[in-house]
Amino acid sequence: MTIQFPAGWCVAAAAFLGGALVGIATAAPAPFALQGPGVRPEDFRVTTFASGLNHPLGMAQLPDGSLLVAVSKGGSYWNSVGEVIRLVDADGDGVADGPGKVLITGLPGGQTSLCVGGTLVFVTGQGSGKPITVLRMGSAPGDPLTRVGAIRLNYPTGGWLHPHSALALRPTPGMPGSFDLLFQLGSQFNIAPTTRNVTLAPDGIPGAEGTLLGDSIYRLTLTDGPTGVTASRLTRIARGLRNAAGMAFDPATGDLYLEDNGIDGLSDANEPTSADELNRIPADAIGGAVENFGFPDHYTTYRTGVLVGGGAIQPLIAFQPLPDPATGSESEGPNDIARAPRAFPPGLNRGVFIGFHGRFGSGGLANEENPLVYADPATGQYFHFIGNDEAGVGHLDGLLATADSLFLADLAPQGSLGSSGGTGVIYQLKSLVPSTLQFRRIGEDLELTWSAGVLQSAGELPGTWTDVSQAVSPHRITAEQAPRFYRLR
Ligand SMILES: [Ca+2]
Ligand SMILES: [Ca+2]
Ligand SMILES: [Ca+2]
Ligand SMILES: [Ca+2]
């Protein structure tokens, strides 16, 4: 039997997650508190979903609710073998039911990102010798993955400060069976325009070729056709980006959220020149004119907020220490980004979460710049949802938003990536808030509204309830539609 996976969005495709069972988690409690204005910790069930992992980073959810996780097996992240494992939580207690099954091994070490589209899985490491590998699922979610091919990025000699590492994926608009794979190629230097090119070369994926400019995000369209996987339409999406190390499509609007990594300090690298950023490309502008986000000439100065240059596209948010930019708690080095789960409580379900890596090889209190930030693009407000002063947090670099949960992967809780094999942890933050479904008539139509949760519908009251794909409040039901029942889960 072939399981037909729905069209995938990187990173979360939680469309058919069954009703979760209530259970009591038995694993060690998560070593952090949830904080911030209006945040009620009792609105969440926080569990240690899996521990003892080898450098977990990229995550995606399969339609059966299980997680695929890219891991890097080895004592050191830098000298490791890439694998994809599958974690199952069949009883829904927030704790994976076992250590995870290896679905493929022998991938390049230092895996950084993973996306699922249809029956394809895309993984990548960071930089030279670590291509974007294309894998295919078996007929069941637990079957081994097979290698289809790879998309190679060949770097010139001389080093490249911010090579590729991040992926984002969406179904290609108007092209069923195709997916737009986005990847970044950051800057060659700390504070100067990139001067050299990278060559994109196919390895079993015809059409994956071209010349790449730095300071950019690129799109490649992958089509899974009768002759196999082919690539086309290599397109520069954005420029003026020092390192967009995290990208996420908003499943509701199709907008692309991306960050940019601020310019390191010229005398002290840990005291940046410019602030890290949150940026957005509206859905209908992706792939049109190449958006310019300003690096290296236009930026917001760290701490003082002074605008340098002042041209190009200004960020939605330039992150400063809180509450006082001069003396406050820092957040530096954004890695992954995730659209907030829709079932999260009001005040936490419209924005994005961003994991800040902070100091390169430090964790806990020695890393004073590694919070998990919640940011609301609509208001420009942001705060530390998980703070800096957590002794057990290293680098919350991997984020996955599902309908009701945020999964956080701590790459190396003790901070160092040199002897961190087997110490990685994934946490699950599941929303517990109830929500009421309300409706009003608008002419012949009906408008449904709700503050949290996932809208489901069924043809008959005792019938099969399924999520209404991508539905957000308010949701309009037209008079022409066949009668259906609605509820929240
Ligand atoms: Ca379990
Ligand atoms: Ca700092
Ligand atoms: Ca910028
Ligand atoms: Ca810290």
# chains A, B, ... in the order shown; residues from 1 in each chain; ligands from 1
$ residues_near_ligand --ligand "ligand 1" --cutoff "6 Å" --atoms "only C-alpha atoms and all ligand atoms" --output "MDAnalysis selection string"
chainID A and resid 89:97
$ residues_around --residues "segment 275-279 of chain A" --least-positions-apart "4" --cutoff "8 Å" --atoms "only C-alpha atoms" --output "PyMOL selection string"
chain A and resi 257-263+299-303+314-320+332-334
$ closest_atom_pairs --of "segment 42-125 of chain A" --to "segment 348-361 of chain A" --cutoff "12 Å" --atoms "only C-alpha atoms" --output "tab-separated table"
residue	atom	partner	partner_atom	distance
A:Asp43	CA	A:Leu348	CA	10.9
A:Phe44	CA	A:Leu348	CA	11.5
A:Leu57	CA	A:Gly355	CA	11.4
A:Ser76	CA	A:Gly361	CA	11.9
A:Tyr77	CA	A:Gly361	CA	11.3
$ write_last_selection --atoms "C-alpha atoms" --output "CSV table (one decimal), in the first residue's frame"
chain,number,residue,atom,x,y,z
A,43,ASP,CA,-1.2,26.8,29.4
A,44,PHE,CA,1.5,24.3,28.3
A,57,LEU,CA,18.6,19.8,14.4
A,76,SER,CA,31.9,15.7,17.8
A,77,TYR,CA,29.3,17.5,15.6
$ select_by_dssp --residues "segment 206-305 of chain A" --states "strand (DSSP E or B)" --output "NGL selection string"
:A and (210-213 or 216-225 or 228-239 or 247-249 or 256-260 or 274 or 277-281 or 291-292 or 299-301)
$ residues_around --residues "Arg440 of chain A" --least-positions-apart "3" --cutoff "12 Å" --atoms "only C-alpha atoms" --output "ChimeraX atom specification"
/A:437,443-450,474-477
$ write_last_selection --atoms "C-alpha atoms" --output "compact mmCIF listing (two decimals), in the first residue's frame"
# COMPACT_ATOMS: atom_id res chain seq x y z
CA LEU A 437 -15.85 28.36 18.31
CA GLY A 443 -25.41 37.80 4.34
CA GLU A 444 -25.87 34.25 3.09
CA ASP A 445 -22.50 33.17 4.49
CA LEU A 446 -21.27 32.10 7.88
CA GLU A 447 -18.14 33.37 9.56
CA LEU A 448 -16.39 31.22 12.17
CA THR A 449 -14.01 32.77 14.68
CA TRP A 450 -11.86 31.31 17.46
CA PRO A 474 -11.98 34.30 10.80
CA HIS A 475 -13.00 31.52 8.41
CA ARG A 476 -15.79 32.13 5.89
CA ILE A 477 -18.21 29.36 4.87
$ residues_around --residues "segment 460-465 of chain A" --least-positions-apart "2" --cutoff "8 Å" --atoms "only C-alpha atoms" --output "list in words"
Gln456, Ser457, Ala458, Asp467, Arg484 and Phe485 of chain A
$ residues_near_ligand --ligand "ligand 2" --cutoff "7 Å" --atoms "only C-alpha atoms and all ligand atoms" --output "PDB file with C-alpha atoms, in the first residue's frame"
ATOM      1  CA  ASN A 270      30.426  38.916  20.641  1.00  0.00           C
ATOM      2  CA  GLU A 271      29.470  42.580  20.729  1.00  0.00           C
ATOM      3  CA  PRO A 272      27.868  42.922  17.289  1.00  0.00           C
ATOM      4  CA  GLU A 330      20.996  39.622  24.857  1.00  0.00           C
ATOM      5  CA  GLU A 332      22.450  36.947  19.257  1.00  0.00           C
ATOM      6  CA  GLU A 369      22.823  35.338  24.357  1.00  0.00           C
TER       7      GLU A 369
END
$ residues_near_ligand --ligand "ligand 4" --cutoff "12 Å" --atoms "only C-alpha atoms and all ligand atoms" --output "count of residues only"
38
$ closest_residue --among "A:Gly117, A:Gly74, A:Gly204, A:Pro345" --to "Arg147 of chain A" --atoms "only C-alpha atoms"
A:Gly204
$ closest_residue --among "A:Arg219, A:Arg170, A:Arg152, A:Arg487" --to "Pro202 of chain A" --atoms "only C-alpha atoms"
A:Arg152
$ closest_residue --among "A:Ser473, A:Thr48, A:Asn292, A:Ser66" --to "ligand 3" --atoms "only C-alpha atoms and all ligand atoms"
A:Asn292
$ residues_around --residues "Glu209 of chain A" --least-positions-apart "4" --cutoff "9 Å" --atoms "only C-alpha atoms" --output "list in words"
Ile151, Arg152, Thr199, Leu200, Ala201, Pro202, Ala231, Ser232 and Leu234 of chain A
$ residues_around --residues "His164 of chain A" --least-positions-apart "3" --cutoff "6 Å" --atoms "only C-alpha atoms" --output "PDB file with C-alpha atoms, in the first residue's frame"
ATOM      1  CA  GLN A 126      26.437  23.348   6.265  1.00  0.00           C
ATOM      2  CA  GLY A 127      28.980  24.342   3.660  1.00  0.00           C
ATOM      3  CA  GLN A 184      20.439  30.478   1.626  1.00  0.00           C
ATOM      4  CA  LEU A 185      23.965  31.286   0.507  1.00  0.00           C
TER       5      LEU A 185
END
$ residues_around --residues "Pro156 of chain A" --least-positions-apart "3" --cutoff "9 Å" --atoms "only C-alpha atoms" --output "number ranges by chain"
A: 159-160, 196-199
$ write_last_selection --atoms "C-alpha atoms" --output "compact mmCIF listing (two decimals), in the first residue's frame"
# COMPACT_ATOMS: atom_id res chain seq x y z
CA GLY A 159 36.80 30.10 2.81
CA TRP A 160 33.22 31.30 3.02
CA ARG A 196 33.12 35.12 -5.54
CA ASN A 197 30.55 32.62 -6.79
CA VAL A 198 29.44 29.14 -5.83
CA THR A 199 28.59 26.56 -8.47
$ closest_residue --among "A:Val39, A:Leu256, A:Ala283, A:Leu135" --to "Pro346 of chain A" --atoms "only C-alpha atoms"
A:Val39
$ atom_distance --atom1 "atom CA of Thr235 of chain A" --atom2 "atom CA of Gly207 of chain A"
12.6 Å
$ closest_residue --among "A:Asn243, A:Thr172, A:Gln481, A:Gln428" --to "ligand 3" --atoms "only C-alpha atoms and all ligand atoms"
A:Asn243
$ closest_residue --among "A:Phe295, A:Tyr155, A:Tyr374, A:Phe49" --to "ligand 3" --atoms "only C-alpha atoms and all ligand atoms"
A:Phe295
$ atom_distance --atom1 "atom CA of Gly36 of chain A" --atom2 "atom CA of Met247 of chain A"
23.9 Å
